[in-house]
>>> print(open('query-v6.txt').read())   # compact mmCIF, C-alpha atoms and all ligand atoms
# COMPACT_ATOMS: atom_id res chain seq x y z
CA MET J 181 -23.04 -2.84 -1.97
CA THR J 182 -23.68 -6.56 -1.78
CA PRO J 183 -21.39 -9.06 -3.43
CA ASN J 184 -22.19 -10.29 -6.92
CA SER J 185 -25.10 -8.01 -7.47
CA GLN J 186 -23.44 -5.23 -9.37
CA TYR J 187 -21.24 -6.65 -12.09
CA HIS J 188 -21.89 -10.33 -12.51
CA ASN J 189 -25.56 -10.97 -12.15
CA ASP J 190 -25.22 -14.21 -14.06
CA LEU J 191 -21.92 -15.30 -12.56
CA PRO J 192 -22.18 -15.24 -8.78
CA ARG J 193 -18.86 -15.45 -6.99
CA PHE J 194 -18.67 -17.43 -3.78
CA VAL J 195 -20.66 -15.50 -1.20
CA ALA J 196 -19.52 -15.60 2.40
CA GLU J 197 -22.34 -16.94 4.53
CA GLU J 198 -22.33 -13.76 6.49
CA PHE J 199 -21.42 -10.73 4.37
CA VAL J 200 -20.65 -7.75 6.58
CA GLU J 201 -21.15 -4.38 4.91
CA GLY J 202 -18.27 -1.99 5.66
CA ASN J 203 -15.78 -4.80 6.35
CA PHE J 204 -12.95 -5.49 3.93
CA LEU J 205 -13.97 -8.42 1.68
CA GLY J 206 -17.26 -8.41 3.61
CA LEU J 207 -15.67 -10.77 6.11
CA PRO J 208 -17.08 -11.16 9.60
CA SER J 209 -14.41 -10.71 12.27
CA ARG J 210 -13.79 -10.65 16.00
CA ASP J 211 -12.38 -7.80 18.09
CA ASP J 212 -9.80 -10.03 19.78
CA ASP J 213 -6.87 -12.06 18.45
CA ILE J 214 -6.72 -10.00 15.29
CA ASP J 215 -4.35 -11.41 12.67
CA VAL J 216 -4.81 -8.79 9.96
CA VAL J 217 -6.26 -5.33 10.47
CA VAL J 218 -7.50 -3.14 7.63
CA LEU J 219 -7.03 0.53 8.55
CA GLN J 220 -8.57 3.37 6.57
CA VAL J 221 -6.83 6.74 6.47
CA PRO J 222 -9.01 9.15 4.45
CA TYR J 223 -6.38 11.89 4.38
CA GLU J 224 -6.14 14.49 1.64
CA LEU J 225 -4.33 17.74 1.99
CA THR J 226 -1.82 18.15 -0.79
CA THR J 227 -2.80 16.04 -3.84
CA SER J 228 -1.75 17.85 -7.01
CA TYR J 229 -4.86 17.90 -9.18
CA GLY J 230 -6.91 14.74 -8.70
CA GLN J 231 -9.37 15.21 -5.87
CA GLY J 232 -11.15 12.57 -3.89
CA THR J 233 -8.45 10.52 -2.13
CA ALA J 234 -10.32 11.16 1.14
CA GLN J 235 -13.17 9.00 -0.20
CA GLY J 236 -10.74 6.36 -1.50
CA PRO J 237 -10.46 4.01 1.48
CA ALA J 238 -14.22 3.57 1.89
CA ALA J 239 -14.61 3.05 -1.87
CA CYS J 240 -11.86 0.42 -1.75
CA VAL J 241 -13.59 -1.42 1.11
CA ALA J 242 -16.88 -1.31 -0.83
CA ALA J 243 -15.17 -2.62 -4.00
CA SER J 244 -13.51 -5.41 -1.98
CA GLY J 245 -16.95 -7.01 -1.78
CA GLN J 246 -16.36 -8.06 -5.40
CA VAL J 247 -12.92 -9.60 -4.85
CA GLU J 248 -12.78 -13.39 -4.94
CA LEU J 249 -12.10 -14.94 -1.54
CA PHE J 250 -10.25 -17.85 -3.10
CA ASP J 251 -6.59 -17.67 -4.04
CA PRO J 252 -4.69 -20.79 -5.08
CA ILE J 253 -1.63 -19.52 -3.17
CA ILE J 254 -3.28 -20.54 0.11
CA GLY J 255 -5.70 -23.01 -1.45
CA GLU J 256 -8.80 -22.03 0.49
CA ASP J 257 -11.20 -19.15 0.87
CA LEU J 258 -10.23 -16.16 2.95
CA PRO J 259 -10.18 -15.67 5.85
CA ALA J 260 -8.68 -19.19 5.82
CA GLY J 261 -8.99 -19.55 9.58
CA TYR J 262 -7.48 -16.12 10.29
CA ASN J 263 -9.20 -13.14 11.88
CA ILE J 264 -9.21 -10.32 9.29
CA HIS J 265 -10.60 -7.28 11.02
CA THR J 266 -11.67 -3.91 9.61
CA ALA J 267 -11.10 -1.15 12.16
CA PRO J 268 -13.11 2.09 12.34
CA GLU J 269 -11.45 4.64 10.07
CA TRP J 270 -9.11 7.41 11.25
CA ASP J 271 -11.21 10.30 12.54
CA GLY J 272 -9.48 13.00 10.48
CA GLU J 273 -8.96 15.27 13.47
CA GLY J 274 -6.27 17.95 13.55
CA SER J 275 -6.43 21.49 12.25
CA THR J 276 -2.89 21.58 10.88
CA LEU J 277 -1.06 19.15 8.66
CA GLN J 278 1.38 18.25 11.46
CA GLN J 279 -1.48 17.57 13.88
CA GLN J 280 -3.16 15.36 11.29
CA LEU J 281 0.03 13.39 10.62
CA SER J 282 0.64 12.84 14.32
CA GLY J 283 -3.01 11.78 14.66
CA ILE J 284 -2.52 9.22 11.88
CA SER J 285 0.62 7.89 13.57
CA LYS J 286 -1.25 7.53 16.85
CA TYR J 287 -4.16 5.78 15.12
CA LEU J 288 -1.80 3.25 13.52
CA LYS J 289 0.56 2.76 16.45
CA GLU J 290 -1.63 0.50 18.57
CA TRP J 291 -1.60 -2.11 15.80
CA ASN J 292 2.17 -2.29 15.46
CA ASN J 293 2.58 -4.94 18.14
CA GLY J 294 4.25 -7.56 15.97
CA LYS J 295 1.24 -9.88 16.17
CA THR J 296 -1.19 -8.07 13.91
CA PHE J 297 -0.47 -7.32 10.26
CA PRO J 298 -1.68 -3.81 9.32
CA VAL J 299 -3.04 -3.14 5.84
CA ILE J 300 -3.48 0.62 5.51
CA LEU J 301 -5.73 2.14 2.85
CA GLY J 302 -5.11 5.79 1.90
CA GLY J 303 -5.66 8.58 1.42
CA GLU J 304 -2.89 10.44 -0.27
CA HIS J 305 0.73 9.30 -0.18
CA GLY J 306 1.49 12.14 2.25
CA ILE J 307 0.49 9.60 4.95
CA LEU J 308 3.79 7.71 4.47
CA PRO J 309 5.89 9.63 7.04
CA ALA J 310 3.11 9.10 9.60
CA VAL J 311 3.05 5.39 8.74
CA ILE J 312 6.82 5.18 9.26
CA ASP J 313 6.54 7.20 12.47
CA SER J 314 3.98 4.70 13.79
CA LEU J 315 6.47 1.82 13.40
CA ALA J 316 8.95 3.17 15.99
CA GLU J 317 8.01 0.66 18.69
CA HIS J 318 7.33 -2.28 16.41
CA PRO J 319 9.26 -5.22 17.93
CA THR J 320 11.40 -5.58 14.79
CA ILE J 321 12.39 -1.88 14.91
CA ALA J 322 12.41 -1.08 18.65
CA GLY J 323 13.40 2.52 18.06
CA ASP J 324 16.15 1.69 15.57
CA TYR J 325 15.01 2.83 12.12
CA SER J 326 18.32 1.78 10.59
CA LYS J 327 16.79 -1.72 10.39
CA LEU J 328 13.79 -0.70 8.32
CA ASN J 329 13.51 -1.17 4.57
CA ILE J 330 10.83 0.51 2.49
CA VAL J 331 9.68 -0.96 -0.81
CA GLN J 332 7.75 1.56 -2.88
CA ILE J 333 5.63 1.05 -5.98
CA ASP J 334 5.02 4.49 -7.48
CA ALA J 335 5.04 6.54 -10.67
CA HIS J 336 6.76 9.36 -8.81
CA ALA J 337 9.98 9.19 -6.85
CA ASP J 338 8.38 11.29 -4.07
CA LEU J 339 11.88 12.50 -3.19
CA ARG J 340 11.27 16.24 -3.54
CA GLU J 341 12.44 18.35 -0.63
CA GLU J 342 9.29 20.44 -0.93
CA LEU J 343 6.44 21.12 -3.33
CA ASP J 344 4.97 24.62 -3.42
CA GLY J 345 6.82 25.28 -0.17
CA GLU J 346 5.33 22.25 1.62
CA PRO J 347 7.92 19.67 2.78
CA PHE J 348 5.16 17.22 3.77
CA SER J 349 3.49 17.21 0.36
CA HIS J 350 2.68 13.78 -1.09
CA ALA J 351 5.45 14.58 -3.61
CA CYS J 352 7.93 14.46 -0.70
CA ALA J 353 6.59 11.28 0.98
CA ALA J 354 9.68 9.14 0.38
CA ALA J 355 12.09 11.96 1.26
CA ARG J 356 10.32 12.49 4.61
CA ALA J 357 10.34 8.72 5.24
CA MET J 358 14.10 8.66 4.54
CA ASP J 359 14.50 11.38 7.20
CA TYR J 360 13.81 8.69 9.83
CA GLY J 361 17.22 7.21 9.01
CA ILE J 362 15.91 4.02 7.45
CA LYS J 363 18.16 1.28 6.10
CA HIS J 364 17.17 1.36 2.45
CA LEU J 365 14.50 2.51 0.02
CA TYR J 366 13.65 0.36 -3.00
CA GLN J 367 11.49 1.92 -5.72
CA VAL J 368 9.84 0.55 -8.85
CA GLY J 369 7.51 1.95 -11.52
CA ILE J 370 9.23 5.35 -11.28
CA ARG J 371 8.68 7.49 -14.37
CA ALA J 372 7.96 11.05 -13.23
CA PHE J 373 10.61 12.93 -11.27
CA SER J 374 12.53 16.19 -11.14
CA LYS J 375 16.21 16.74 -11.86
CA GLN J 376 16.83 17.11 -8.13
CA GLU J 377 15.09 13.79 -7.44
CA TYR J 378 17.03 12.08 -10.23
CA GLU J 379 20.32 13.33 -8.82
CA ARG J 380 19.42 12.05 -5.37
CA ILE J 381 18.50 8.63 -6.79
CA ILE J 382 21.87 8.44 -8.55
CA SER J 383 23.93 9.65 -5.59
CA ASP J 384 22.19 8.27 -2.46
CA ASP J 385 23.47 4.76 -1.72
CA LYS J 386 20.42 4.11 0.47
CA ILE J 387 18.12 4.36 -2.55
CA THR J 388 17.71 1.71 -5.25
CA THR J 389 15.37 2.75 -8.04
CA PHE J 390 14.14 0.66 -10.96
CA PHE J 391 12.72 3.02 -13.57
CA ALA J 392 9.58 1.96 -15.45
CA SER J 393 11.26 2.81 -18.75
CA ASP J 394 13.87 0.12 -18.03
CA THR J 395 11.74 -2.61 -16.45
CA LEU J 396 9.06 -2.40 -19.15
CA LYS J 397 11.63 -2.79 -21.94
CA SER J 398 13.67 -5.58 -20.49
CA ASP J 399 12.67 -8.86 -18.84
CA THR J 400 16.21 -9.07 -17.51
CA LYS J 401 15.81 -5.73 -15.76
CA TRP J 402 12.49 -6.86 -14.29
CA GLN J 403 14.09 -10.04 -13.01
CA GLN J 404 16.86 -7.93 -11.44
CA TRP J 405 14.18 -6.04 -9.52
CA LEU J 406 12.67 -9.30 -8.22
CA ASP J 407 16.15 -10.61 -7.32
CA THR J 408 16.90 -7.37 -5.48
CA LEU J 409 13.74 -7.81 -3.39
CA HIS J 410 14.61 -11.45 -2.75
CA ASN J 411 17.89 -10.37 -1.13
CA ILE J 412 16.47 -7.78 1.29
CA GLU J 413 17.23 -8.47 4.95
CA GLY J 414 15.16 -7.26 7.90
CA PRO J 415 11.75 -5.66 8.33
CA ILE J 416 10.00 -4.15 5.30
CA HIS J 417 7.21 -1.65 4.99
CA LEU J 418 5.56 -2.03 1.57
CA THR J 419 4.02 1.18 0.24
CA ILE J 420 1.94 0.94 -2.91
CA ASP J 421 1.00 4.22 -4.56
CA ILE J 422 -1.50 2.88 -7.07
CA ASP J 423 -0.30 5.41 -9.65
CA GLY J 424 2.74 3.13 -9.96
CA LEU J 425 0.47 0.90 -12.00
CA ASP J 426 -0.34 1.90 -15.54
CA GLY J 427 -2.82 4.78 -15.67
CA SER J 428 -5.20 2.66 -17.75
CA ILE J 429 -5.97 0.38 -14.78
CA VAL J 430 -6.06 3.15 -12.16
CA PRO J 431 -7.47 6.13 -14.11
CA ALA J 432 -9.04 7.78 -11.05
CA THR J 433 -5.93 8.02 -8.88
CA GLY J 434 -4.69 11.47 -7.77
CA THR J 435 -2.07 11.77 -10.51
CA PRO J 436 -2.47 9.00 -13.12
CA VAL J 437 0.60 8.45 -15.34
CA PRO J 438 0.90 6.29 -18.47
CA GLY J 439 3.65 3.72 -18.94
CA GLY J 440 3.37 2.05 -15.54
CA LEU J 441 3.50 -1.44 -14.11
CA SER J 442 1.01 -4.08 -15.15
CA PHE J 443 -1.27 -5.52 -12.50
CA TRP J 444 0.74 -8.76 -12.50
CA GLN J 445 4.03 -6.93 -12.09
CA ALA J 446 2.59 -5.33 -8.97
CA VAL J 447 1.51 -8.77 -7.76
CA GLU J 448 4.97 -10.22 -8.53
CA THR J 449 6.48 -7.42 -6.47
CA ILE J 450 4.15 -8.21 -3.56
CA GLN J 451 5.00 -11.90 -3.86
CA ALA J 452 8.74 -11.20 -3.96
CA VAL J 453 8.80 -9.11 -0.78
CA PHE J 454 6.64 -11.53 1.21
CA THR J 455 8.73 -14.52 0.17
CA ALA J 456 12.16 -12.90 0.64
CA PRO J 457 13.90 -15.44 2.89
CA LYS J 458 15.72 -12.99 5.18
CA ALA J 459 13.02 -10.30 5.34
CA THR J 460 9.64 -9.81 6.96
CA VAL J 461 6.94 -7.49 5.66
CA ILE J 462 5.68 -5.88 8.86
CA SER J 463 3.03 -3.62 7.32
CA MET J 464 1.74 -2.37 3.99
CA ASP J 465 -0.26 0.49 2.59
CA VAL J 466 -2.18 1.01 -0.62
CA ASN J 467 -2.71 4.69 -1.21
CA GLU J 468 -3.84 7.45 -3.61
CA ILE J 469 -7.11 5.58 -4.14
CA VAL J 470 -9.83 7.78 -5.64
CA PRO J 471 -13.34 6.44 -6.20
CA GLN J 472 -13.89 5.96 -9.93
CA GLN J 473 -17.52 6.74 -10.70
CA ASP J 474 -18.31 5.16 -14.08
CA THR J 475 -16.67 1.75 -13.65
CA PRO J 476 -15.11 1.23 -10.20
CA LEU J 477 -11.86 -0.17 -11.66
CA THR J 478 -9.46 2.02 -9.66
CA GLN J 479 -10.79 1.10 -6.23
CA PHE J 480 -11.23 -2.54 -7.30
CA THR J 481 -7.58 -2.73 -8.43
CA ALA J 482 -6.55 -1.28 -5.05
CA ALA J 483 -8.76 -3.83 -3.24
CA MET J 484 -7.18 -6.68 -5.21
CA LEU J 485 -3.65 -5.51 -4.37
CA ALA J 486 -4.51 -5.22 -0.67
CA THR J 487 -6.04 -8.71 -0.82
CA LYS J 488 -2.88 -10.09 -2.46
CA GLY J 489 -0.89 -8.63 0.42
CA ILE J 490 -3.17 -10.38 2.91
CA VAL J 491 -2.91 -13.64 0.96
CA TYR J 492 0.89 -13.55 0.86
CA HIS J 493 1.06 -12.54 4.52
CA ILE J 494 -1.10 -15.54 5.48
CA ASN J 495 0.96 -17.73 3.18
CA SER J 496 4.16 -16.65 4.97
CA LYS J 497 2.56 -17.57 8.32
CA THR J 498 1.48 -21.03 7.24
CA GLU J 499 4.53 -22.11 5.27
MN MN J 501 3.56 8.49 -4.29
>>> encode(input="query-v6.txt", output="structure tokens", more="lines below")
Ligand SMILES: [Mn+2]
Amino acid sequence: MTPNSQYHNDLPRFVAEEFVEGNFLGLPSRDDDIDVVVLQVPYELTTSYGQGTAQGPAACVAASGQVELFDPIIGEDLPAGYNIHTAPEWDGEGSTLQQQLSGISKYLKEWNNGKTFPVILGGEHGILPAVIDSLAEHPTIAGDYSKLNIVQIDAHADLREELDGEPFSHACAAARAMDYGIKHLYQVGIRAFSKQEYERIISDDKITTFFASDTLKSDTKWQQWLDTLHNIEGPIHLTIDIDGLDGSIVPATGTPVPGGLSFWQAVETIQAVFTAPKATVISMDVNEIVPQQDTPLTQFTAAMLATKGIVYHINSKTE
């Protein structure tokens, strides 16, 4: 795919002088002094009924060729003097689920040096425990997971203890991440969960959940969510299951659900975590991307959210 050619023949967006096919946003990059790395994890083992998350990361990178490089937040075109690098994707090796998850952790680990900001594209949400595992030696964690906060945009609580007998199902992603002994889990967009998950949300003081049914009805409730993010202290991993957004803007995700966040609510959430004065977003993922065939809206929405993360990361570096 080349930029501009597919959707806006009459309205060319700014074209980078050197558009590199297969790179996120088509940006040329260097192999050294990498500021932001885009990592693709085409993992799919347990998705309920949507198929195709394994093709999601590549589709998202392709769709990113259509994302505008300009964002008024930083006032100039990306890469804005930074080195935004797209790494070769995870090789998918491992014959069991556990081997695959440890392979993903190993693939991610080398980037968690505190200098490079990782933007991980998935793949199903089952990658989350591997993502958390990979953060063990991040300088802000240094083996102590009780410092780590997770902010999760999702339709599902992902707090099941198992699904169909599998404790590492994507439906258990947040529960397995909590097993690392993290400081706190913040969730938004949640609107599909079991009784057991609901009871855990109510009773576990390390979990703060803003249900979509509340935040969509009440501006006050939405503001409370943003205020909650503003007050987080310490390192944050931001995990965006794109099914947290309304199903109408991400119809091709693994398990689309109506009644979700608007695109701008997702962006406000991204903005709030990156600008929280006592917190640092150390990595992010955008997952459950499935290539949408008719109109590539799902993968484009995912590409825009990943780009917003990069923009707000760069903004936090330059402020
Ligand atoms: Mn999820």
>>> closest_residue(input="query-v6.txt", among="J:Thr435, J:Asn329, J:Ser349, J:Thr266", to="Pro309 in chain J", atoms="only C-alpha atoms")
J:Ser349
>>> closest_residue(input="query-v6.txt", among="J:Ala243, J:Val453, J:Val491, J:Leu249", to="Thr475 in chain J", atoms="only C-alpha atoms")
J:Ala243
>>> closest_residue(input="query-v6.txt", among="J:Ala335, J:Ile494, J:Val461, J:Val368", to="ligand MN 501 (chain J)", atoms="all atoms listed in the file")
J:Ala335
>>> residues_near_ligand(input="query-v6.txt", ligand="ligand MN 501 (chain J)", cutoff="6 Å", atoms="only C-alpha atoms and all ligand atoms", output="number ranges by chain")
J: 305, 334, 336, 338, 421
>>> residues_near_point(input="query-v6.txt", point="(17.5, -0.8, 4.1)", cutoff="8 Å", atoms="all atoms listed in the file", output="number ranges by chain")
J: 326-330, 362-365, 386, 412-414
>>> residues_near_point(input="query-v6.txt", point="(8.8, -2.4, -18.0)", cutoff="12 Å", atoms="only C-alpha atoms", output="PyMOL selection string")
chain J and resi 368-371+390-405+424-426+438-446
>>> atom_distance(input="query-v6.txt", atom1="CA of Tyr366 in chain J", atom2="CA of Thr388 in chain J")
4.8 Å
>>> closest_residue(input="query-v6.txt", among="J:Ile490, J:Ala432, J:Asp313, J:Lys458", to="Asn263 in chain J", atoms="all atoms listed in the file")
J:Ile490
>>> atom_distance(input="query-v6.txt", atom1="CA of Ile416 in chain J", atom2="CA of Leu315 in chain J")
10.7 Å
>>> closest_residue(input="query-v6.txt", among="J:Ala242, J:Val430, J:Ala310, J:Ile382", to="Val200 in chain J", atoms="all atoms listed in the file")
J:Ala242
>>> closest_residue(input="query-v6.txt", among="J:Gln376, J:Thr460, J:Gln235, J:Ser428", to="Val331 in chain J", atoms="all atoms listed in the file")
J:Thr460
>>> atom_distance(input="query-v6.txt", atom1="CA of Ile253 in chain J", atom2="CA of His318 in chain J")
27.6 Å
>>> residues_around(input="query-v6.txt", residues="Asp215 in chain J", least_positions_apart="5", cutoff="8 Å", atoms="only C-alpha atoms", output="ChimeraX atom specification")
/J:262-265,295-297
>>> decode(input="query-v6.txt", residues="range 364-470 of chain J", atoms="C-alpha atoms", output="PDB file, in the first residue's frame")
ATOM      1  CA  HIS J 364      -3.205  -1.529  40.516  1.00  0.00           C
ATOM      2  CA  LEU J 365      -5.395  -2.269  37.520  1.00  0.00           C
ATOM      3  CA  TYR J 366      -7.574   0.489  36.050  1.00  0.00           C
ATOM      4  CA  GLN J 367     -10.235  -0.533  33.533  1.00  0.00           C
ATOM      5  CA  VAL J 368     -12.602   1.425  31.291  1.00  0.00           C
ATOM      6  CA  GLY J 369     -15.144   0.535  28.601  1.00  0.00           C
ATOM      7  CA  ILE J 370     -16.075  -2.640  30.489  1.00  0.00           C
ATOM      8  CA  ARG J 371     -19.494  -3.983  29.512  1.00  0.00           C
ATOM      9  CA  ALA J 372     -19.231  -7.764  29.167  1.00  0.00           C
ATOM     10  CA  PHE J 373     -18.277  -9.824  32.206  1.00  0.00           C
ATOM     11  CA  SER J 374     -19.309 -12.825  34.271  1.00  0.00           C
ATOM     12  CA  LYS J 375     -20.713 -12.845  37.783  1.00  0.00           C
ATOM     13  CA  GLN J 376     -17.363 -14.084  39.061  1.00  0.00           C
ATOM     14  CA  GLU J 377     -15.559 -11.210  37.324  1.00  0.00           C
ATOM     15  CA  TYR J 378     -18.072  -8.686  38.660  1.00  0.00           C
ATOM     16  CA  GLU J 379     -17.570  -9.954  42.203  1.00  0.00           C
ATOM     17  CA  ARG J 380     -13.809  -9.668  41.859  1.00  0.00           C
ATOM     18  CA  ILE J 381     -14.117  -6.091  40.545  1.00  0.00           C
ATOM     19  CA  ILE J 382     -16.274  -5.162  43.541  1.00  0.00           C
ATOM     20  CA  SER J 383     -14.098  -6.889  46.145  1.00  0.00           C
ATOM     21  CA  ASP J 384     -10.478  -6.501  44.922  1.00  0.00           C
ATOM     22  CA  ASP J 385      -9.057  -3.193  46.142  1.00  0.00           C
ATOM     23  CA  LYS J 386      -6.319  -3.391  43.491  1.00  0.00           C
ATOM     24  CA  ILE J 387      -8.901  -3.078  40.719  1.00  0.00           C
ATOM     25  CA  THR J 388     -10.711   0.117  39.718  1.00  0.00           C
ATOM     26  CA  THR J 389     -13.275  -0.391  36.971  1.00  0.00           C
ATOM     27  CA  PHE J 390     -15.309   2.240  35.161  1.00  0.00           C
ATOM     28  CA  PHE J 391     -18.191   0.491  33.412  1.00  0.00           C
ATOM     29  CA  ALA J 392     -19.209   1.700  29.947  1.00  0.00           C
ATOM     30  CA  SER J 393     -22.839   1.863  31.060  1.00  0.00           C
ATOM     31  CA  ASP J 394     -21.855   4.512  33.634  1.00  0.00           C
ATOM     32  CA  THR J 395     -19.297   6.556  31.685  1.00  0.00           C
ATOM     33  CA  LEU J 396     -21.508   6.791  28.588  1.00  0.00           C
ATOM     34  CA  LYS J 397     -24.465   8.094  30.606  1.00  0.00           C
ATOM     35  CA  SER J 398     -22.665  10.608  32.732  1.00  0.00           C
ATOM     36  CA  ASP J 399     -20.078  13.262  31.888  1.00  0.00           C
ATOM     37  CA  THR J 400     -19.311  13.453  35.599  1.00  0.00           C
ATOM     38  CA  LYS J 401     -18.462   9.757  35.663  1.00  0.00           C
ATOM     39  CA  TRP J 402     -16.240  10.174  32.603  1.00  0.00           C
ATOM     40  CA  GLN J 403     -14.437  13.066  34.251  1.00  0.00           C
ATOM     41  CA  GLN J 404     -13.939  10.887  37.351  1.00  0.00           C
ATOM     42  CA  TRP J 405     -12.182   8.338  35.135  1.00  0.00           C
ATOM     43  CA  LEU J 406      -9.851  11.015  33.729  1.00  0.00           C
ATOM     44  CA  ASP J 407      -9.197  12.373  37.243  1.00  0.00           C
ATOM     45  CA  THR J 408      -8.411   8.852  38.454  1.00  0.00           C
ATOM     46  CA  LEU J 409      -5.810   8.465  35.692  1.00  0.00           C
ATOM     47  CA  HIS J 410      -4.381  11.892  36.497  1.00  0.00           C
ATOM     48  CA  ASN J 411      -3.636  10.744  40.054  1.00  0.00           C
ATOM     49  CA  ILE J 412      -1.795   7.510  39.200  1.00  0.00           C
ATOM     50  CA  GLU J 413       1.749   7.321  40.551  1.00  0.00           C
ATOM     51  CA  GLY J 414       4.565   5.225  39.096  1.00  0.00           C
ATOM     52  CA  PRO J 415       5.093   3.271  35.892  1.00  0.00           C
ATOM     53  CA  ILE J 416       2.086   2.422  33.711  1.00  0.00           C
ATOM     54  CA  HIS J 417       1.567  -0.167  31.025  1.00  0.00           C
ATOM     55  CA  LEU J 418      -1.327   0.909  28.789  1.00  0.00           C
ATOM     56  CA  THR J 419      -3.199  -1.990  27.191  1.00  0.00           C
ATOM     57  CA  ILE J 420      -5.807  -1.155  24.584  1.00  0.00           C
ATOM     58  CA  ASP J 421      -8.090  -3.982  23.521  1.00  0.00           C
ATOM     59  CA  ILE J 422      -9.735  -2.291  20.561  1.00  0.00           C
ATOM     60  CA  ASP J 423     -13.041  -3.968  21.409  1.00  0.00           C
ATOM     61  CA  GLY J 424     -13.213  -1.419  24.234  1.00  0.00           C
ATOM     62  CA  LEU J 425     -14.216   1.035  21.543  1.00  0.00           C
ATOM     63  CA  ASP J 426     -17.720   0.884  20.175  1.00  0.00           C
ATOM     64  CA  GLY J 427     -18.213  -2.078  17.848  1.00  0.00           C
ATOM     65  CA  SER J 428     -19.267   0.277  15.040  1.00  0.00           C
ATOM     66  CA  ILE J 429     -15.719   1.651  14.701  1.00  0.00           C
ATOM     67  CA  VAL J 430     -13.940  -1.684  15.194  1.00  0.00           C
ATOM     68  CA  PRO J 431     -16.352  -4.196  13.605  1.00  0.00           C
ATOM     69  CA  ALA J 432     -13.627  -6.696  12.673  1.00  0.00           C
ATOM     70  CA  THR J 433     -12.117  -7.187  16.124  1.00  0.00           C
ATOM     71  CA  GLY J 434     -12.161 -10.684  17.699  1.00  0.00           C
ATOM     72  CA  THR J 435     -15.260 -10.041  19.810  1.00  0.00           C
ATOM     73  CA  PRO J 436     -16.954  -6.750  18.828  1.00  0.00           C
ATOM     74  CA  VAL J 437     -19.399  -5.389  21.434  1.00  0.00           C
ATOM     75  CA  PRO J 438     -21.862  -2.491  21.081  1.00  0.00           C
ATOM     76  CA  GLY J 439     -22.063   0.346  23.588  1.00  0.00           C
ATOM     77  CA  GLY J 440     -18.347   1.076  23.826  1.00  0.00           C
ATOM     78  CA  LEU J 441     -16.085   4.094  24.042  1.00  0.00           C
ATOM     79  CA  SER J 442     -15.992   6.672  21.294  1.00  0.00           C
ATOM     80  CA  PHE J 443     -12.736   7.195  19.448  1.00  0.00           C
ATOM     81  CA  TRP J 444     -12.198  10.492  21.266  1.00  0.00           C
ATOM     82  CA  GLN J 445     -12.808   8.922  24.665  1.00  0.00           C
ATOM     83  CA  ALA J 446     -10.027   6.470  23.870  1.00  0.00           C
ATOM     84  CA  VAL J 447      -7.805   9.387  22.858  1.00  0.00           C
ATOM     85  CA  GLU J 448      -8.698  11.292  26.054  1.00  0.00           C
ATOM     86  CA  THR J 449      -7.706   8.207  28.035  1.00  0.00           C
ATOM     87  CA  ILE J 450      -4.367   8.032  26.211  1.00  0.00           C
ATOM     88  CA  GLN J 451      -3.810  11.739  26.824  1.00  0.00           C
ATOM     89  CA  ALA J 452      -4.677  11.424  30.517  1.00  0.00           C
ATOM     90  CA  VAL J 453      -2.208   8.620  31.235  1.00  0.00           C
ATOM     91  CA  PHE J 454       0.660  10.250  29.346  1.00  0.00           C
ATOM     92  CA  THR J 455       0.129  13.587  31.083  1.00  0.00           C
ATOM     93  CA  ALA J 456      -0.392  12.213  34.610  1.00  0.00           C
ATOM     94  CA  PRO J 457       2.143  14.257  36.592  1.00  0.00           C
ATOM     95  CA  LYS J 458       3.400  11.481  38.897  1.00  0.00           C
ATOM     96  CA  ALA J 459       3.259   8.605  36.403  1.00  0.00           C
ATOM     97  CA  THR J 460       5.206   7.427  33.375  1.00  0.00           C
ATOM     98  CA  VAL J 461       3.787   5.269  30.607  1.00  0.00           C
ATOM     99  CA  ILE J 462       6.608   2.795  29.999  1.00  0.00           C
ATOM    100  CA  SER J 463       4.965   0.766  27.230  1.00  0.00           C
ATOM    101  CA  MET J 464       1.668   0.284  25.439  1.00  0.00           C
ATOM    102  CA  ASP J 465      -0.104  -2.304  23.365  1.00  0.00           C
ATOM    103  CA  VAL J 466      -2.998  -2.164  20.928  1.00  0.00           C
ATOM    104  CA  ASN J 467      -4.446  -5.616  20.479  1.00  0.00           C
ATOM    105  CA  GLU J 468      -7.273  -7.771  19.079  1.00  0.00           C
ATOM    106  CA  ILE J 469      -6.778  -6.133  15.678  1.00  0.00           C
ATOM    107  CA  VAL J 470      -8.358  -8.120  12.850  1.00  0.00           C
TER     108      VAL J 470
END
